[in-house]
Amino acid sequence: MINLPAPAQSALETYTACISRVQDPILRQRLVDATQAVVDASREFAQAAAGKRLHRIAQHTHVAEVVTREEMEAVYTQRMARKGAPGRPIYDALLSSAPQGKCPLCVHRNVSTLDHHLPKAHYPSLAVAPLNLIPACPECNKSKLAAVPTAAEEAPLHPYFDEIDQDRWLHATVIEEEPAALRFFVQGPPTWGAVLTARVERHFRALRLGALYATEAADELLSIRHQLHDINARGGPALVRQELVDRAESCRAARRNGWRTATFDAFAASDWFCGGGFS
């Protein structure tokens with residue numbers, strides 16, 4: 001996961017834009033009456049996320065007792081996510097906040113949707129709150145599903161609030177078989193504590209990142225195998241290892257916990273691989 005800056009758009013700005021074209025006067029008045037509840041819910045979300053207490057936010061079916069869950073879901077789907085909707089400019093701005101258009105959850109596939117960090121089906125007051133909307137790829141969005149955290153260690157990682165990339169946590173080890181393969185795993189530093197470690201491991205499992213990264217690493221090996229043969233012919237395992245160390249350092253400068261960084265670290269650490277296991 002990579003960290004993202006919090007959205008510039010407020011819950012009030014977003015919700016007001018979304019309901020601005022409601023024609024039904026009765027529905028419009030009820031939506032307007034729920035405005036403060038939406039703002040308050042976003043404020044509670046920000047405080048809970050910063051304090052790692054999102055699991056304590058109560059589920060609910062109505063907003064301010066006047067707007068139903070289904071109506072709030074429609075505000076998102078029809079008045080924010082739909083092309084041409086009044087809230088669509090904010091939707092698009094949130095989508096474009098992902099660096100290079102990459103999903104911040106898997107840091108691999110392209111962003112094309114917004115993920116509700118706390119699902120709108122259980123937290124309708126947060127249906128259009130920007131802090132609860134994360135740019136994501138469809139695969140990560142589907143893998144997360146509508147899970148509701150009931151304990152601190154079950155809370156999904158949040159790109160706006162959780163900064164984990166300052167520490168190395170993604171690792172890999174070589175599987176000595178033909179063809180060579182990698183097993184990716186999470187190993188955070190002792191300073192993390194049990195809760196953060198459990199959250200990162202849960203994130204890794206839920207999004208099936210191990211399988212995704214192993215597939216990418218296999219393709220990477222295919223693309224460099226011929227070059228490694230040439231290097232081995234010139235200088236043997238020592239020169240192969242140095243090439244892999246250099247590649248790892250170059251990747252680390254761009255992304256400490258990228259799958260390429262873990263891949264080349266693992267390759268360089270394996271005597272078997274450097275000695276010809278790449279063949």
# chains A, B, ... in the order shown; residues from 1 in each chain; ligands from 1
>>> select_by_dssp(residues="range 111-245 of chain A", states="strand (DSSP E)", output="list of chain:residue names")
A:Thr113, A:Leu114, A:Asp115, A:His116, A:Leu133, A:Ile134, A:Pro135, A:Ala136, A:Leu170, A:His171, A:Ala172, A:Thr173, A:Val174, A:Ile175, A:Ala181, A:Leu182, A:Arg183, A:Phe184, A:Phe185, A:Val186
>>> write_last_selection(atoms="C-alpha atoms", output="PDB file, in the first residue's frame")
ATOM      1  CA  THR A 113     -13.267   3.099  -9.349  1.00  0.00           C
ATOM      2  CA  LEU A 114     -13.653   4.386  -5.796  1.00  0.00           C
ATOM      3  CA  ASP A 115     -13.638   1.991  -2.875  1.00  0.00           C
ATOM      4  CA  HIS A 116     -15.732   2.708   0.219  1.00  0.00           C
ATOM      5  CA  LEU A 133     -13.579   7.058  -0.717  1.00  0.00           C
ATOM      6  CA  ILE A 134     -10.292   5.612  -1.971  1.00  0.00           C
ATOM      7  CA  PRO A 135      -9.207   5.341  -5.619  1.00  0.00           C
ATOM      8  CA  ALA A 136      -8.778   1.652  -6.392  1.00  0.00           C
ATOM      9  CA  LEU A 170       7.367  -6.806   1.994  1.00  0.00           C
ATOM     10  CA  HIS A 171       9.818  -9.685   1.587  1.00  0.00           C
ATOM     11  CA  ALA A 172      10.253 -12.686  -0.688  1.00  0.00           C
ATOM     12  CA  THR A 173      12.159 -15.931  -0.698  1.00  0.00           C
ATOM     13  CA  VAL A 174      13.270 -18.057  -3.639  1.00  0.00           C
ATOM     14  CA  ILE A 175      11.623 -21.425  -4.185  1.00  0.00           C
ATOM     15  CA  ALA A 181       9.723 -18.996  -8.294  1.00  0.00           C
ATOM     16  CA  LEU A 182       9.176 -16.628  -5.374  1.00  0.00           C
ATOM     17  CA  ARG A 183       7.037 -16.688  -2.263  1.00  0.00           C
ATOM     18  CA  PHE A 184       6.126 -13.232  -0.980  1.00  0.00           C
ATOM     19  CA  PHE A 185       5.307 -12.574   2.666  1.00  0.00           C
ATOM     20  CA  VAL A 186       4.849  -9.823   5.252  1.00  0.00           C
TER      21      VAL A 186
END
>>> residues_around(residues="His117 in chain A", least_positions_apart="4", cutoff="10 Å", atoms="only C-alpha atoms", output="ChimeraX atom specification")
/A:54,123,126-127,131-134,141,144-148,155-159
>>> write_last_selection(atoms="C-alpha atoms", output="PDB file, in the first residue's frame")
ATOM      1  CA  LEU A  54     -12.625   2.855  12.936  1.00  0.00           C
ATOM      2  CA  TYR A 123     -22.427   3.212   6.989  1.00  0.00           C
ATOM      3  CA  LEU A 126     -20.337   8.041   4.765  1.00  0.00           C
ATOM      4  CA  ALA A 127     -21.545   7.133   1.259  1.00  0.00           C
ATOM      5  CA  LEU A 131     -12.302  10.549   3.424  1.00  0.00           C
ATOM      6  CA  ASN A 132     -14.168   7.255   3.046  1.00  0.00           C
ATOM      7  CA  LEU A 133     -13.579   7.058  -0.717  1.00  0.00           C
ATOM      8  CA  ILE A 134     -10.292   5.612  -1.971  1.00  0.00           C
ATOM      9  CA  ASN A 141     -12.436  -3.198  -4.621  1.00  0.00           C
ATOM     10  CA  LYS A 144     -12.253  -6.051   0.044  1.00  0.00           C
ATOM     11  CA  LEU A 145     -15.986  -6.686  -0.289  1.00  0.00           C
ATOM     12  CA  ALA A 146     -18.255  -5.145   2.375  1.00  0.00           C
ATOM     13  CA  ALA A 147     -16.320  -6.345   5.395  1.00  0.00           C
ATOM     14  CA  VAL A 148     -17.096  -4.584   8.661  1.00  0.00           C
ATOM     15  CA  ALA A 155      -9.588  -2.525  10.188  1.00  0.00           C
ATOM     16  CA  PRO A 156      -8.395  -2.342   6.561  1.00  0.00           C
ATOM     17  CA  LEU A 157      -5.361  -0.209   5.838  1.00  0.00           C
ATOM     18  CA  HIS A 158      -6.307   3.317   4.837  1.00  0.00           C
ATOM     19  CA  PRO A 159      -4.063   5.175   2.342  1.00  0.00           C
TER      20      PRO A 159
END
>>> atom_distance(atom1="CA of His226 in chain A", atom2="CA of Ala211 in chain A")
24.5 Å
>>> atom_distance(atom1="CA of Arg30 in chain A", atom2="CA of Val128 in chain A")
16.3 Å
>>> residues_around(residues="range 260-274 of chain A", least_positions_apart="3", cutoff="6 Å", atoms="only C-alpha atoms", output="MDAnalysis selection string")
chainID A and resid 171:173 237 240:241 244:245 248 251:252 277:278
>>> write_last_selection(atoms="C-alpha atoms", output="PDB file, in the first residue's frame")
ATOM      1  CA  HIS A 171       9.818  -9.685   1.587  1.00  0.00           C
ATOM      2  CA  ALA A 172      10.253 -12.686  -0.688  1.00  0.00           C
ATOM      3  CA  THR A 173      12.159 -15.931  -0.698  1.00  0.00           C
ATOM      4  CA  PRO A 237      27.759 -16.016  -9.562  1.00  0.00           C
ATOM      5  CA  VAL A 240      25.218 -12.092 -11.175  1.00  0.00           C
ATOM      6  CA  ARG A 241      24.650 -11.236  -7.522  1.00  0.00           C
ATOM      7  CA  LEU A 244      20.751  -8.222  -8.787  1.00  0.00           C
ATOM      8  CA  VAL A 245      21.856  -6.099  -5.804  1.00  0.00           C
ATOM      9  CA  ALA A 248      17.245  -4.042  -5.986  1.00  0.00           C
ATOM     10  CA  CYS A 251      13.954  -0.324  -7.287  1.00  0.00           C
ATOM     11  CA  ARG A 252      14.193   0.518  -3.577  1.00  0.00           C
ATOM     12  CA  GLY A 277      19.039 -21.297 -10.589  1.00  0.00           C
ATOM     13  CA  PHE A 278      17.745 -18.560 -12.911  1.00  0.00           C
TER      14      PHE A 278
END
>>> select_by_dssp(residues="range 12-259 of chain A", states="helix (DSSP H, G or I)", output="ChimeraX atom specification")
/A:12-18,25-33,35-50,54-56,69-81,88-95,99-101,124-126,130-132,138-144,152-154,190-192,194-206,209-254,259
>>> write_last_selection(atoms="C-alpha atoms", output="short mmCIF file (atom, residue, chain, number, x, y, z; two decimals), in the first residue's frame")
data_model
loop_
_atom_site.label_atom_id
_atom_site.label_comp_id
_atom_site.auth_asym_id
_atom_site.auth_seq_id
_atom_site.Cartn_x
_atom_site.Cartn_y
_atom_site.Cartn_z
CA LEU A 12 -20.18 19.26 3.10
CA GLU A 13 -18.96 20.39 -0.31
CA THR A 14 -19.38 16.94 -1.80
CA TYR A 15 -22.80 16.17 -0.34
CA THR A 16 -24.16 19.60 -1.24
CA ALA A 17 -23.03 19.16 -4.84
CA CYS A 18 -24.50 15.67 -5.06
CA PRO A 25 -39.25 18.52 -3.19
CA ILE A 26 -39.99 16.07 -0.38
CA LEU A 27 -36.89 13.96 -1.00
CA ARG A 28 -34.80 17.08 -1.47
CA GLN A 29 -35.90 18.47 1.90
CA ARG A 30 -35.12 15.21 3.67
CA LEU A 31 -31.67 15.11 2.07
CA VAL A 32 -31.03 18.70 3.10
CA ASP A 33 -32.17 17.90 6.64
CA THR A 35 -26.67 17.48 5.85
CA GLN A 36 -25.36 18.03 9.36
CA ALA A 37 -25.45 14.31 10.11
CA VAL A 38 -23.31 13.66 7.02
CA VAL A 39 -20.82 16.32 8.08
CA ASP A 40 -20.71 14.98 11.63
CA ALA A 41 -20.19 11.42 10.40
CA SER A 42 -17.23 12.50 8.29
CA ARG A 43 -15.71 14.31 11.26
CA GLU A 44 -16.16 11.23 13.44
CA PHE A 45 -14.57 9.11 10.71
CA ALA A 46 -11.51 11.38 10.52
CA GLN A 47 -10.99 11.28 14.28
CA ALA A 48 -11.49 7.52 14.47
CA ALA A 49 -9.17 6.82 11.52
CA ALA A 50 -6.42 9.00 12.99
CA LEU A 54 -12.62 2.85 12.94
CA HIS A 55 -13.94 -0.44 14.29
CA ARG A 56 -15.80 1.53 16.96
CA ARG A 69 -29.66 3.57 3.41
CA GLU A 70 -31.04 2.95 -0.08
CA GLU A 71 -31.55 6.66 -0.65
CA MET A 72 -27.99 7.47 0.43
CA GLU A 73 -26.61 4.70 -1.77
CA ALA A 74 -28.51 6.30 -4.67
CA VAL A 75 -26.92 9.65 -3.85
CA TYR A 76 -23.56 7.99 -4.46
CA THR A 77 -24.42 5.84 -7.48
CA GLN A 78 -26.75 8.25 -9.28
CA ARG A 79 -25.57 11.67 -8.13
CA MET A 80 -21.82 11.17 -7.72
CA ALA A 81 -20.48 8.12 -9.59
CA ARG A 88 -19.01 13.55 -10.75
CA PRO A 89 -16.26 16.25 -10.86
CA ILE A 90 -15.38 15.39 -7.27
CA TYR A 91 -15.51 11.67 -8.07
CA ASP A 92 -13.08 12.23 -10.94
CA ALA A 93 -10.79 14.35 -8.75
CA LEU A 94 -10.59 11.55 -6.19
CA LEU A 95 -9.82 9.02 -8.95
CA PRO A 99 0.03 8.61 -8.44
CA GLN A 100 0.51 7.46 -12.03
CA GLY A 101 -3.03 6.15 -11.88
CA PRO A 124 -24.73 5.19 4.64
CA SER A 125 -23.84 8.53 6.24
CA LEU A 126 -20.34 8.04 4.76
CA PRO A 130 -14.32 11.91 0.49
CA LEU A 131 -12.30 10.55 3.42
CA ASN A 132 -14.17 7.25 3.05
CA PRO A 138 -11.75 -3.17 -9.56
CA GLU A 139 -9.92 -6.27 -8.32
CA CYS A 140 -8.98 -4.72 -4.97
CA ASN A 141 -12.44 -3.20 -4.62
CA LYS A 142 -14.04 -6.62 -5.10
CA SER A 143 -11.56 -8.42 -2.85
CA LYS A 144 -12.25 -6.05 0.04
CA ALA A 152 -8.66 -2.92 15.68
CA GLU A 153 -6.68 -5.62 13.89
CA GLU A 154 -9.54 -6.13 11.40
CA PRO A 190 9.21 -5.11 15.93
CA THR A 191 8.28 -1.44 16.42
CA TRP A 192 5.00 -2.00 14.62
CA ALA A 194 0.79 -6.78 17.02
CA VAL A 195 -2.18 -4.75 15.75
CA LEU A 196 -0.46 -3.06 12.83
CA THR A 197 1.30 -6.28 11.85
CA ALA A 198 -2.05 -8.11 11.83
CA ARG A 199 -3.64 -5.37 9.71
CA VAL A 200 -0.87 -5.48 7.11
CA GLU A 201 -0.98 -9.28 6.96
CA ARG A 202 -4.76 -9.17 6.58
CA HIS A 203 -4.43 -6.60 3.78
CA PHE A 204 -1.87 -8.83 2.03
CA ARG A 205 -4.08 -11.93 2.28
CA ALA A 206 -7.41 -10.30 1.45
CA LEU A 209 -1.03 -9.84 -3.22
CA GLY A 210 1.26 -12.84 -2.78
CA ALA A 211 -0.11 -14.55 -5.89
CA LEU A 212 -0.21 -11.30 -7.85
CA TYR A 213 3.41 -10.43 -7.09
CA ALA A 214 4.63 -14.00 -7.69
CA THR A 215 3.15 -13.91 -11.18
CA GLU A 216 4.78 -10.57 -11.92
CA ALA A 217 8.13 -11.81 -10.59
CA ALA A 218 7.95 -14.83 -12.89
CA ASP A 219 7.46 -12.54 -15.89
CA GLU A 220 10.33 -10.35 -14.70
CA LEU A 221 12.62 -13.37 -14.54
CA LEU A 222 11.69 -14.34 -18.09
CA SER A 223 12.68 -10.87 -19.30
CA ILE A 224 16.13 -10.87 -17.63
CA ARG A 225 17.11 -14.55 -17.87
CA HIS A 226 19.14 -14.11 -21.08
CA GLN A 227 20.99 -11.15 -19.57
CA LEU A 228 21.80 -13.14 -16.43
CA HIS A 229 23.23 -15.92 -18.59
CA ASP A 230 25.55 -13.42 -20.27
CA ILE A 231 26.61 -11.92 -16.94
CA ASN A 232 27.25 -15.36 -15.48
CA ALA A 233 29.41 -16.27 -18.47
CA ARG A 234 31.53 -13.16 -17.94
CA GLY A 235 31.94 -13.16 -14.17
CA GLY A 236 30.16 -16.09 -12.56
CA PRO A 237 27.76 -16.02 -9.56
CA ALA A 238 29.48 -13.03 -7.93
CA LEU A 239 28.78 -10.77 -10.92
CA VAL A 240 25.22 -12.09 -11.18
CA ARG A 241 24.65 -11.24 -7.52
CA GLN A 242 26.06 -7.74 -7.95
CA GLU A 243 23.72 -7.13 -10.89
CA LEU A 244 20.75 -8.22 -8.79
CA VAL A 245 21.86 -6.10 -5.80
CA ASP A 246 22.14 -3.06 -8.08
CA ARG A 247 18.67 -3.68 -9.49
CA ALA A 248 17.24 -4.04 -5.99
CA GLU A 249 18.78 -0.75 -4.88
CA SER A 250 17.45 1.04 -7.93
CA CYS A 251 13.95 -0.32 -7.29
CA ARG A 252 14.19 0.52 -3.58
CA ALA A 253 14.87 4.16 -4.40
CA ALA A 254 11.53 4.30 -6.17
CA TRP A 259 7.33 -6.24 -5.55
#
>>> atom_distance(atom1="CA of Arg168 in chain A", atom2="CA of Asn3 in chain A")
14.2 Å
>>> decode(residues="range 50-181 of chain A", atoms="C-alpha atoms", output="compact mmCIF listing (two decimals), in the first residue's frame")
# COMPACT_ATOMS: atom_id res chain seq x y z
CA ALA A 50 -6.42 9.00 12.99
CA GLY A 51 -6.81 7.22 16.33
CA LYS A 52 -7.03 3.72 14.78
CA ARG A 53 -10.59 3.33 16.11
CA LEU A 54 -12.62 2.85 12.94
CA HIS A 55 -13.94 -0.44 14.29
CA ARG A 56 -15.80 1.53 16.96
CA ILE A 57 -17.97 3.50 14.54
CA ALA A 58 -21.50 2.17 14.87
CA GLN A 59 -23.29 0.69 11.89
CA HIS A 60 -26.59 2.32 10.97
CA THR A 61 -29.43 2.07 8.47
CA HIS A 62 -30.65 5.70 8.38
CA VAL A 63 -29.03 9.12 8.24
CA ALA A 64 -30.47 11.55 10.78
CA GLU A 65 -33.50 9.24 10.94
CA VAL A 66 -34.85 10.89 7.76
CA VAL A 67 -32.84 9.38 4.86
CA THR A 68 -32.70 5.63 4.28
CA ARG A 69 -29.66 3.57 3.41
CA GLU A 70 -31.04 2.95 -0.08
CA GLU A 71 -31.55 6.66 -0.65
CA MET A 72 -27.99 7.47 0.43
CA GLU A 73 -26.61 4.70 -1.77
CA ALA A 74 -28.51 6.30 -4.67
CA VAL A 75 -26.92 9.65 -3.85
CA TYR A 76 -23.56 7.99 -4.46
CA THR A 77 -24.42 5.84 -7.48
CA GLN A 78 -26.75 8.25 -9.28
CA ARG A 79 -25.57 11.67 -8.13
CA MET A 80 -21.82 11.17 -7.72
CA ALA A 81 -20.48 8.12 -9.59
CA ARG A 82 -22.67 8.37 -12.69
CA LYS A 83 -21.17 10.29 -15.61
CA GLY A 84 -22.75 13.74 -15.88
CA ALA A 85 -23.93 13.66 -12.27
CA PRO A 86 -23.50 16.85 -10.20
CA GLY A 87 -20.97 15.17 -7.92
CA ARG A 88 -19.01 13.55 -10.75
CA PRO A 89 -16.26 16.25 -10.86
CA ILE A 90 -15.38 15.39 -7.27
CA TYR A 91 -15.51 11.67 -8.07
CA ASP A 92 -13.08 12.23 -10.94
CA ALA A 93 -10.79 14.35 -8.75
CA LEU A 94 -10.59 11.55 -6.19
CA LEU A 95 -9.82 9.02 -8.95
CA SER A 96 -6.99 11.17 -10.30
CA SER A 97 -5.34 11.54 -6.88
CA ALA A 98 -3.61 8.15 -7.27
CA PRO A 99 0.03 8.61 -8.44
CA GLN A 100 0.51 7.46 -12.03
CA GLY A 101 -3.03 6.15 -11.88
CA LYS A 102 -1.93 3.09 -9.87
CA CYS A 103 -4.15 1.53 -7.24
CA PRO A 104 -2.75 2.49 -3.81
CA LEU A 105 -3.96 -0.80 -2.32
CA CYS A 106 -2.08 -3.24 -4.57
CA VAL A 107 0.34 -0.67 -6.08
CA HIS A 108 0.10 -2.51 -9.38
CA ARG A 109 -3.15 -2.30 -11.33
CA ASN A 110 -4.79 0.84 -12.70
CA VAL A 111 -7.39 2.84 -10.79
CA SER A 112 -10.87 2.91 -12.29
CA THR A 113 -13.27 3.10 -9.35
CA LEU A 114 -13.65 4.39 -5.80
CA ASP A 115 -13.64 1.99 -2.88
CA HIS A 116 -15.73 2.71 0.22
CA HIS A 117 -13.33 2.09 3.09
CA LEU A 118 -16.29 1.49 5.39
CA PRO A 119 -19.03 0.00 3.17
CA LYS A 120 -21.92 2.30 2.33
CA ALA A 121 -24.38 -0.55 2.96
CA HIS A 122 -23.52 -0.42 6.67
CA TYR A 123 -22.43 3.21 6.99
CA PRO A 124 -24.73 5.19 4.64
CA SER A 125 -23.84 8.53 6.24
CA LEU A 126 -20.34 8.04 4.76
CA ALA A 127 -21.54 7.13 1.26
CA VAL A 128 -20.14 10.30 -0.34
CA ALA A 129 -17.65 11.39 2.33
CA PRO A 130 -14.32 11.91 0.49
CA LEU A 131 -12.30 10.55 3.42
CA ASN A 132 -14.17 7.25 3.05
CA LEU A 133 -13.58 7.06 -0.72
CA ILE A 134 -10.29 5.61 -1.97
CA PRO A 135 -9.21 5.34 -5.62
CA ALA A 136 -8.78 1.65 -6.39
CA CYS A 137 -8.65 -0.98 -9.10
CA PRO A 138 -11.75 -3.17 -9.56
CA GLU A 139 -9.92 -6.27 -8.32
CA CYS A 140 -8.98 -4.72 -4.97
CA ASN A 141 -12.44 -3.20 -4.62
CA LYS A 142 -14.04 -6.62 -5.10
CA SER A 143 -11.56 -8.42 -2.85
CA LYS A 144 -12.25 -6.05 0.04
CA LEU A 145 -15.99 -6.69 -0.29
CA ALA A 146 -18.26 -5.14 2.37
CA ALA A 147 -16.32 -6.34 5.39
CA VAL A 148 -17.10 -4.58 8.66
CA PRO A 149 -14.22 -4.39 11.18
CA THR A 150 -15.15 -5.51 14.69
CA ALA A 151 -11.67 -5.17 16.23
CA ALA A 152 -8.66 -2.92 15.68
CA GLU A 153 -6.68 -5.62 13.89
CA GLU A 154 -9.54 -6.13 11.40
CA ALA A 155 -9.59 -2.53 10.19
CA PRO A 156 -8.39 -2.34 6.56
CA LEU A 157 -5.36 -0.21 5.84
CA HIS A 158 -6.31 3.32 4.84
CA PRO A 159 -4.06 5.18 2.34
CA TYR A 160 -5.04 8.57 3.81
CA PHE A 161 -4.25 7.67 7.40
CA ASP A 162 -1.88 4.68 7.55
CA GLU A 163 1.77 5.30 6.67
CA ILE A 164 3.60 1.99 6.49
CA ASP A 165 6.05 2.55 3.67
CA GLN A 166 8.70 4.17 5.88
CA ASP A 167 9.52 0.64 7.10
CA ARG A 168 10.35 -2.41 5.05
CA TRP A 169 7.64 -5.04 5.36
CA LEU A 170 7.37 -6.81 1.99
CA HIS A 171 9.82 -9.68 1.59
CA ALA A 172 10.25 -12.69 -0.69
CA THR A 173 12.16 -15.93 -0.70
CA VAL A 174 13.27 -18.06 -3.64
CA ILE A 175 11.62 -21.42 -4.19
CA GLU A 176 14.39 -23.64 -5.54
CA GLU A 177 12.62 -25.42 -8.35
CA GLU A 178 12.57 -25.30 -12.13
CA PRO A 179 11.58 -22.72 -13.15
CA ALA A 180 12.62 -20.62 -10.16
CA ALA A 181 9.72 -19.00 -8.29
